[in-house]
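Pasted below: upload.cif, mmCIF, C-alpha atoms; chains and numbers go by the auth columns.
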data_query
#
loop_
_atom_site.group_PDB
_atom_site.id
_atom_site.type_symbol
_atom_site.label_atom_id
_atom_site.label_comp_id
_atom_site.label_asym_id
_atom_site.label_seq_id
_atom_site.Cartn_x
_atom_site.Cartn_y
_atom_site.Cartn_z
_atom_site.B_iso_or_equiv
_atom_site.auth_seq_id
_atom_site.auth_asym_id
ATOM 1 C CA MET A 1 -29.993 30.135 -35.681 0.00 1 A
ATOM 2 C CA VAL A 2 -27.600 27.485 -36.977 0.00 2 A
ATOM 3 C CA GLU A 3 -30.146 24.705 -36.477 0.00 3 A
ATOM 4 C CA ASN A 4 -32.645 26.617 -38.655 0.00 4 A
ATOM 5 C CA LEU A 5 -30.009 27.945 -41.109 0.00 5 A
ATOM 6 C CA ASP A 6 -31.146 31.471 -40.238 0.00 6 A
ATOM 7 C CA CYS A 7 -28.377 33.838 -41.289 0.00 7 A
ATOM 8 C CA SER A 8 -30.519 36.964 -41.388 0.00 8 A
ATOM 9 C CA GLN A 9 -28.859 38.514 -38.322 0.00 9 A
ATOM 10 C CA LEU A 10 -25.236 37.757 -39.263 0.00 10 A
ATOM 11 C CA ASP A 11 -23.156 38.671 -42.288 0.00 11 A
ATOM 12 C CA SER A 12 -20.688 36.340 -43.980 0.00 12 A
ATOM 13 C CA ILE A 13 -17.694 37.739 -42.066 0.00 13 A
ATOM 14 C CA GLU A 14 -19.364 37.053 -38.733 0.00 14 A
ATOM 15 C CA LEU A 15 -20.357 33.573 -39.887 0.00 15 A
ATOM 16 C CA ARG A 16 -16.799 32.818 -41.024 0.00 16 A
ATOM 17 C CA THR A 17 -15.520 33.970 -37.648 0.00 17 A
ATOM 18 C CA LEU A 18 -17.965 31.662 -35.879 0.00 18 A
ATOM 19 C CA TYR A 19 -16.896 28.827 -38.169 0.00 19 A
ATOM 20 C CA GLU A 20 -13.297 29.297 -37.037 0.00 20 A
ATOM 21 C CA PHE A 21 -14.447 28.693 -33.446 0.00 21 A
ATOM 22 C CA MET A 22 -16.256 25.442 -34.176 0.00 22 A
ATOM 23 C CA PRO A 23 -15.053 22.961 -31.562 0.00 23 A
ATOM 24 C CA THR A 24 -12.656 20.261 -32.660 0.00 24 A
ATOM 25 C CA GLU A 25 -13.349 16.680 -31.658 0.00 25 A
ATOM 26 C CA GLU A 26 -10.821 16.966 -28.832 0.00 26 A
ATOM 27 C CA GLU A 27 -12.389 20.195 -27.563 0.00 27 A
ATOM 28 C CA SER A 28 -15.861 18.655 -27.709 0.00 28 A
ATOM 29 C CA LYS A 29 -14.748 15.679 -25.648 0.00 29 A
ATOM 30 C CA GLY A 30 -13.039 17.918 -23.102 0.00 30 A
ATOM 31 C CA LEU A 31 -16.089 20.171 -22.758 0.00 31 A
ATOM 32 C CA THR A 32 -18.388 17.158 -22.441 0.00 32 A
ATOM 33 C CA VAL A 33 -16.270 15.718 -19.615 0.00 33 A
ATOM 34 C CA TYR A 34 -16.053 19.102 -17.908 0.00 34 A
ATOM 35 C CA MET A 35 -19.806 19.694 -18.144 0.00 35 A
ATOM 36 C CA ASP A 36 -20.670 16.146 -17.017 0.00 36 A
ATOM 37 C CA ASP A 37 -18.354 16.376 -13.994 0.00 37 A
ATOM 38 C CA SER A 38 -20.054 19.500 -12.678 0.00 38 A
ATOM 39 C CA LYS A 39 -22.964 19.427 -10.253 0.00 39 A
ATOM 40 C CA SER A 40 -24.905 22.283 -11.754 0.00 40 A
ATOM 41 C CA ARG A 41 -24.647 22.483 -15.516 0.00 41 A
ATOM 42 C CA ASP A 42 -26.202 25.970 -15.622 0.00 42 A
ATOM 43 C CA ASP A 43 -23.747 27.443 -13.103 0.00 43 A
ATOM 44 C CA VAL A 44 -20.774 25.929 -14.927 0.00 44 A
ATOM 45 C CA PHE A 45 -22.095 27.200 -18.276 0.00 45 A
ATOM 46 C CA LEU A 46 -22.332 30.754 -16.913 0.00 46 A
ATOM 47 C CA ASN A 47 -18.708 30.586 -15.719 0.00 47 A
ATOM 48 C CA LEU A 48 -17.462 29.695 -19.205 0.00 48 A
ATOM 49 C CA THR A 49 -16.124 32.327 -21.597 0.00 49 A
ATOM 50 C CA PRO A 50 -18.399 33.298 -24.522 0.00 50 A
ATOM 51 C CA CYS A 51 -16.182 31.255 -26.849 0.00 51 A
ATOM 52 C CA GLU A 52 -16.513 28.189 -24.622 0.00 52 A
ATOM 53 C CA GLN A 53 -20.265 28.736 -24.343 0.00 53 A
ATOM 54 C CA PHE A 54 -20.444 28.771 -28.155 0.00 54 A
ATOM 55 C CA MET A 55 -18.439 25.546 -28.311 0.00 55 A
ATOM 56 C CA VAL A 56 -20.736 23.874 -25.761 0.00 56 A
ATOM 57 C CA ALA A 57 -23.787 24.939 -27.756 0.00 57 A
ATOM 58 C CA MET A 58 -22.284 23.751 -31.056 0.00 58 A
ATOM 59 C CA LYS A 59 -20.747 20.457 -29.903 0.00 59 A
ATOM 60 C CA ASP A 60 -24.089 18.667 -29.643 0.00 60 A
ATOM 61 C CA LEU A 61 -25.595 20.165 -32.781 0.00 61 A
ATOM 62 C CA LYS A 62 -25.954 17.551 -35.504 0.00 62 A
ATOM 63 C CA ASP A 63 -24.013 18.558 -38.669 0.00 63 A
ATOM 64 C CA GLY A 64 -23.236 21.935 -37.098 0.00 64 A
ATOM 65 C CA GLU A 65 -20.133 22.438 -39.232 0.00 65 A
ATOM 66 C CA ARG A 66 -22.000 21.734 -42.475 0.00 66 A
ATOM 67 C CA LYS A 67 -24.880 23.928 -41.434 0.00 67 A
ATOM 68 C CA LEU A 68 -22.537 26.810 -40.684 0.00 68 A
ATOM 69 C CA GLN A 69 -20.835 26.330 -44.074 0.00 69 A
ATOM 70 C CA SER A 70 -24.281 26.410 -45.701 0.00 70 A
ATOM 71 C CA MET A 71 -25.108 29.629 -43.897 0.00 71 A
ATOM 72 C CA ILE A 72 -21.866 31.180 -45.151 0.00 72 A
ATOM 73 C CA PHE A 73 -22.756 30.120 -48.700 0.00 73 A
ATOM 74 C CA ILE A 74 -26.286 31.513 -48.399 0.00 74 A
ATOM 75 C CA SER A 75 -25.057 34.848 -47.048 0.00 75 A
ATOM 76 C CA GLU A 76 -22.446 35.242 -49.814 0.00 76 A
ATOM 77 C CA PHE A 77 -24.589 33.968 -52.686 0.00 77 A
ATOM 78 C CA GLN A 78 -26.387 37.207 -53.613 0.00 78 A
ATOM 79 C CA GLY A 79 -23.165 39.211 -53.616 0.00 79 A
ATOM 80 C CA LYS A 80 -21.367 36.637 -55.746 0.00 80 A
ATOM 81 C CA MET A 81 -24.293 36.540 -58.182 0.00 81 A
ATOM 82 C CA ALA A 82 -24.240 40.334 -58.496 0.00 82 A
ATOM 83 C CA GLU A 83 -20.492 40.220 -59.229 0.00 83 A
ATOM 84 C CA LEU A 84 -21.039 37.485 -61.780 0.00 84 A
ATOM 85 C CA ARG A 85 -23.851 39.422 -63.496 0.00 85 A
ATOM 86 C CA TRP A 86 -21.590 42.489 -63.673 0.00 86 A
ATOM 87 C CA ASP A 87 -18.719 40.455 -65.165 0.00 87 A
ATOM 88 C CA VAL A 88 -20.987 38.711 -67.678 0.00 88 A
ATOM 89 C CA GLY A 89 -22.510 42.047 -68.657 0.00 89 A
ATOM 90 C CA HIS A 90 -19.089 43.520 -69.354 0.00 90 A
ATOM 91 C CA LEU A 91 -17.987 40.438 -71.256 0.00 91 A
ATOM 92 C CA SER A 92 -21.156 40.488 -73.356 0.00 92 A
ATOM 93 C CA ALA A 93 -20.686 44.186 -74.115 0.00 93 A
ATOM 94 C CA ALA A 94 -17.066 43.584 -75.136 0.00 94 A
ATOM 95 C CA CYS A 95 -18.073 40.703 -77.408 0.00 95 A
ATOM 96 C CA GLU A 96 -20.806 42.798 -78.997 0.00 96 A
ATOM 97 C CA GLU A 97 -18.379 45.686 -79.518 0.00 97 A
ATOM 98 C CA LEU A 98 -15.892 43.325 -81.165 0.00 98 A
ATOM 99 C CA ARG A 99 -18.596 41.736 -83.323 0.00 99 A
ATOM 100 C CA MET A 100 -19.756 45.135 -84.608 0.00 100 A
ATOM 101 C CA SER A 101 -16.243 46.561 -85.115 0.00 101 A
ATOM 102 C CA LYS A 102 -15.468 47.434 -88.751 0.00 102 A
ATOM 103 C CA ARG A 103 -11.742 47.527 -88.016 0.00 103 A
ATOM 104 C CA PHE A 104 -11.845 43.985 -86.635 0.00 104 A
ATOM 105 C CA GLN A 105 -13.766 42.784 -89.691 0.00 105 A
ATOM 106 C CA MET A 106 -11.138 44.401 -91.918 0.00 106 A
ATOM 107 C CA LEU A 107 -8.363 42.717 -89.930 0.00 107 A
ATOM 108 C CA LEU A 108 -10.003 39.312 -90.356 0.00 108 A
ATOM 109 C CA ALA A 109 -10.401 39.929 -94.097 0.00 109 A
ATOM 110 C CA ILE A 110 -6.683 40.792 -94.382 0.00 110 A
ATOM 111 C CA ILE A 111 -5.757 37.646 -92.471 0.00 111 A
ATOM 112 C CA LEU A 112 -7.966 35.543 -94.767 0.00 112 A
ATOM 113 C CA ARG A 113 -6.305 37.036 -97.859 0.00 113 A
ATOM 114 C CA LEU A 114 -2.860 36.417 -96.364 0.00 114 A
ATOM 115 C CA VAL A 115 -3.685 32.794 -95.548 0.00 115 A
ATOM 116 C CA ASN A 116 -5.099 32.235 -99.032 0.00 116 A
ATOM 117 C CA LYS A 117 -2.020 33.815 -100.620 0.00 117 A
ATOM 118 C CA ILE A 118 0.310 31.598 -98.589 0.00 118 A
ATOM 119 C CA ASN A 119 -1.742 28.457 -99.257 0.00 119 A
ATOM 120 C CA SER A 120 -2.067 29.103 -103.013 0.00 120 A
ATOM 121 C CA GLY A 121 1.550 30.142 -103.483 0.00 121 A
ATOM 122 C CA GLY A 122 0.424 33.165 -105.475 0.00 122 A
ATOM 123 C CA ASP A 123 -1.582 31.080 -107.996 0.00 123 A
ATOM 124 C CA ASP A 124 -4.739 33.069 -108.855 0.00 124 A
ATOM 125 C CA ASP A 125 -6.578 29.921 -110.071 0.00 125 A
ATOM 126 C CA ALA A 126 -6.041 28.038 -106.801 0.00 126 A
ATOM 127 C CA VAL A 127 -8.956 27.146 -104.545 0.00 127 A
ATOM 128 C CA ILE A 128 -9.312 29.759 -101.858 0.00 128 A
ATOM 129 C CA ALA A 129 -10.535 29.306 -98.345 0.00 129 A
ATOM 130 C CA CYS A 130 -13.770 30.965 -97.223 0.00 130 A
ATOM 131 C CA GLY A 131 -12.711 31.117 -93.610 0.00 131 A
ATOM 132 C CA PHE A 132 -10.279 29.972 -90.967 0.00 132 A
ATOM 133 C CA SER A 133 -10.454 28.710 -87.427 0.00 133 A
ATOM 134 C CA LEU A 134 -9.558 30.947 -84.533 0.00 134 A
ATOM 135 C CA ASP A 135 -7.037 28.295 -83.454 0.00 135 A
ATOM 136 C CA SER A 136 -5.038 28.997 -86.601 0.00 136 A
ATOM 137 C CA LEU A 137 -4.564 32.638 -85.543 0.00 137 A
ATOM 138 C CA SER A 138 -2.010 31.557 -82.944 0.00 138 A
ATOM 139 C CA LYS A 139 0.112 30.100 -85.769 0.00 139 A
ATOM 140 C CA LEU A 140 -0.089 33.282 -87.829 0.00 140 A
ATOM 141 C CA GLY A 141 2.931 34.782 -86.058 0.00 141 A
ATOM 142 C CA GLU A 142 5.065 31.814 -87.117 0.00 142 A
ATOM 143 C CA VAL A 143 3.792 31.952 -90.705 0.00 143 A
ATOM 144 C CA SER A 144 4.396 35.670 -91.120 0.00 144 A
ATOM 145 C CA MET A 145 8.009 35.249 -89.983 0.00 145 A
ATOM 146 C CA ILE A 146 8.575 32.518 -92.578 0.00 146 A
ATOM 147 C CA ALA A 147 6.805 34.514 -95.308 0.00 147 A
ATOM 148 C CA CYS A 148 9.086 37.513 -94.706 0.00 148 A
#

Using structure tokens, write down the structure from this file.
Amino acid sequence: MVENLDCSQLDSIELRTLYEFMPTEEESKGLTVYMDDSKSRDDVFLNLTPCEQFMVAMKDLKDGERKLQSMIFISEFQGKMAELRWDVGHLSAACEELRMSKRFQMLLAIILRLVNKINSGGDDDAVIACGFSLDSLSKLGEVSMIAC
């Protein structure tokens, strides 16, 4: 299954558990020596625990660790995409609600008048701004304290 990146029979939790049991370099060397020292490889393999059998099977697999990581990614991808679509949908709805809000538009108009009043010093003939950057909103709290 790992060689073919077939994760259809295992979920991501099972794959992560298998990944935790990937043999280290030291374990691979020890298993190789143990298996090579035995007369009958099949008999020795059957006497190993399931975890050791897994390690023996995985130790000779080329790029086994990367393949198992890829299988984990593949198995989690659809779920993560569904979560992302849900989050983006909610964010888009919130942005649309804000964009269509009359109260928010009124708030922005009040802020623009306040900024123009502060910048012009009360002079009605002064050049007024047609807009402001959203970055300047963070400074509004400081300005309103000074204006008071």

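Among the candidates A:Val33, A:Leu15, A:Met106, A:Leu5, the residue lying nearest to Glu76 (chain A) is A:Leu15 (atoms considered: only C-alpha atoms).
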
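If you measure from each of A:Phe132, A:Thr32, A:Arg66, A:Met22 to Ile110 (chain A) using only C-alpha atoms, the closest one turns out to be A:Phe132.
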
Next item on the list: Could you tell me which of A:Gln53, A:Leu10, A:Met58, A:Ser40 comes closest to Glu25 (chain A) if we count only C-alpha atoms?
Entry: A:Met58

Check: Selected by the PyMOL selection byres ((chain A and resi 18) around 12) in the shown coordinates: which residues, as a ChimeraX atom specification?
Finding: /A:2,7,10-17,19-23,50-52,54-55,58,64-65,67-69,71-72

Margin query: Between CA of Lys80 (chain A) and CA of Met1 (chain A), what distance in Å does the model show, to one decimal?
Written below: 22.8 Å

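Distances to Asp6 (chain A) were evaluated for A:Ala93, A:Phe73, A:Leu107, A:Ser101 using all atoms listed in the file, and the minimum falls at A:Phe73.
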
Note to self: Between CA of Asp60 (chain A) and CA of Leu31 (chain A), what is the distance in Å, rounded to a tenth?
What the structure shows: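 Going from CA of Asp60 (chain A) over to CA of Leu31 (chain A) covers 10.7 Å.
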
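Atom pair CA of Asp135 (chain A) / CA of Gly89 (chain A) has a distance of 25.4 Å (rounded to one decimal).
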
Would you mind completing region 9-20 of chain A to all heavy atoms and writing the output as a short mmCIF file (atom, residue, chain, number, x, y, z; two decimals), in the frame of the given file?
data_model
loop_
_atom_site.label_atom_id
_atom_site.label_comp_id
_atom_site.auth_asym_id
_atom_site.auth_seq_id
_atom_site.Cartn_x
_atom_site.Cartn_y
_atom_site.Cartn_z
N GLN A 9 -29.41 37.56 -39.28
CA GLN A 9 -28.86 38.51 -38.32
C GLN A 9 -27.34 38.62 -38.37
O GLN A 9 -26.75 39.45 -37.69
CB GLN A 9 -29.30 38.12 -36.91
CG GLN A 9 -30.80 38.19 -36.72
CD GLN A 9 -31.20 37.73 -35.33
OE1 GLN A 9 -30.38 37.62 -34.45
NE2 GLN A 9 -32.49 37.48 -35.16
N LEU A 10 -26.70 37.77 -39.18
CA LEU A 10 -25.24 37.76 -39.26
C LEU A 10 -24.79 37.88 -40.71
O LEU A 10 -25.43 37.32 -41.60
CB LEU A 10 -24.68 36.46 -38.67
CG LEU A 10 -25.02 36.17 -37.21
CD1 LEU A 10 -24.60 34.75 -36.84
CD2 LEU A 10 -24.34 37.18 -36.31
N ASP A 11 -23.70 38.60 -40.93
CA ASP A 11 -23.16 38.67 -42.29
C ASP A 11 -22.12 37.56 -42.47
O ASP A 11 -21.80 36.81 -41.54
CB ASP A 11 -22.58 40.05 -42.59
CG ASP A 11 -21.39 40.42 -41.72
OD1 ASP A 11 -20.78 39.52 -41.12
OD2 ASP A 11 -21.06 41.61 -41.66
N SER A 12 -21.59 37.45 -43.67
CA SER A 12 -20.69 36.34 -43.98
C SER A 12 -19.39 36.41 -43.17
O SER A 12 -18.83 35.37 -42.81
CB SER A 12 -20.38 36.31 -45.47
OG SER A 12 -19.71 37.47 -45.87
N ILE A 13 -18.92 37.61 -42.85
CA ILE A 13 -17.69 37.74 -42.07
C ILE A 13 -17.92 37.20 -40.65
O ILE A 13 -17.08 36.46 -40.11
CB ILE A 13 -17.22 39.20 -42.04
CG1 ILE A 13 -16.84 39.65 -43.45
CG2 ILE A 13 -16.06 39.39 -41.07
CD1 ILE A 13 -16.59 41.12 -43.60
N GLU A 14 -19.05 37.55 -40.07
CA GLU A 14 -19.36 37.05 -38.73
C GLU A 14 -19.53 35.53 -38.74
O GLU A 14 -19.07 34.84 -37.83
CB GLU A 14 -20.63 37.72 -38.20
CG GLU A 14 -20.46 39.21 -37.95
CD GLU A 14 -21.76 39.93 -37.70
OE1 GLU A 14 -22.78 39.59 -38.34
OE2 GLU A 14 -21.77 40.85 -36.86
N LEU A 15 -20.17 35.02 -39.78
CA LEU A 15 -20.36 33.57 -39.89
C LEU A 15 -19.02 32.85 -40.05
O LEU A 15 -18.81 31.79 -39.46
CB LEU A 15 -21.29 33.25 -41.05
CG LEU A 15 -22.75 33.63 -40.84
CD1 LEU A 15 -23.52 33.54 -42.15
CD2 LEU A 15 -23.39 32.76 -39.78
N ARG A 16 -18.13 33.42 -40.86
CA ARG A 16 -16.80 32.82 -41.02
C ARG A 16 -16.03 32.83 -39.71
O ARG A 16 -15.30 31.89 -39.39
CB ARG A 16 -16.01 33.54 -42.10
CG ARG A 16 -16.46 33.20 -43.50
CD ARG A 16 -15.53 33.81 -44.55
NE ARG A 16 -16.01 33.50 -45.87
CZ ARG A 16 -15.83 32.33 -46.48
NH1 ARG A 16 -15.20 31.37 -45.87
NH2 ARG A 16 -16.30 32.13 -47.69
N THR A 17 -16.18 33.89 -38.95
CA THR A 17 -15.52 33.97 -37.65
C THR A 17 -16.06 32.89 -36.71
O THR A 17 -15.28 32.21 -36.03
CB THR A 17 -15.71 35.36 -37.03
OG1 THR A 17 -15.21 36.34 -37.94
CG2 THR A 17 -14.99 35.49 -35.70
N LEU A 18 -17.38 32.72 -36.70
CA LEU A 18 -17.96 31.66 -35.88
C LEU A 18 -17.48 30.29 -36.32
O LEU A 18 -17.23 29.41 -35.50
CB LEU A 18 -19.49 31.72 -35.94
CG LEU A 18 -20.16 32.88 -35.21
CD1 LEU A 18 -21.67 32.85 -35.44
CD2 LEU A 18 -19.84 32.84 -33.73
N TYR A 19 -17.35 30.11 -37.63
CA TYR A 19 -16.90 28.83 -38.17
C TYR A 19 -15.49 28.49 -37.66
O TYR A 19 -15.18 27.33 -37.40
CB TYR A 19 -16.94 28.86 -39.70
CG TYR A 19 -16.56 27.55 -40.33
CD1 TYR A 19 -17.44 26.48 -40.32
CD2 TYR A 19 -15.31 27.37 -40.92
CE1 TYR A 19 -17.09 25.26 -40.88
CE2 TYR A 19 -14.95 26.16 -41.48
CZ TYR A 19 -15.85 25.12 -41.46
OH TYR A 19 -15.50 23.91 -42.01
N GLU A 20 -14.65 29.51 -37.54
CA GLU A 20 -13.30 29.30 -37.04
C GLU A 20 -13.30 28.79 -35.60
O GLU A 20 -12.35 28.12 -35.17
CB GLU A 20 -12.49 30.59 -37.11
CG GLU A 20 -12.15 31.02 -38.51
CD GLU A 20 -11.39 32.33 -38.56
OE1 GLU A 20 -10.78 32.71 -37.53
OE2 GLU A 20 -11.41 32.97 -39.62
#
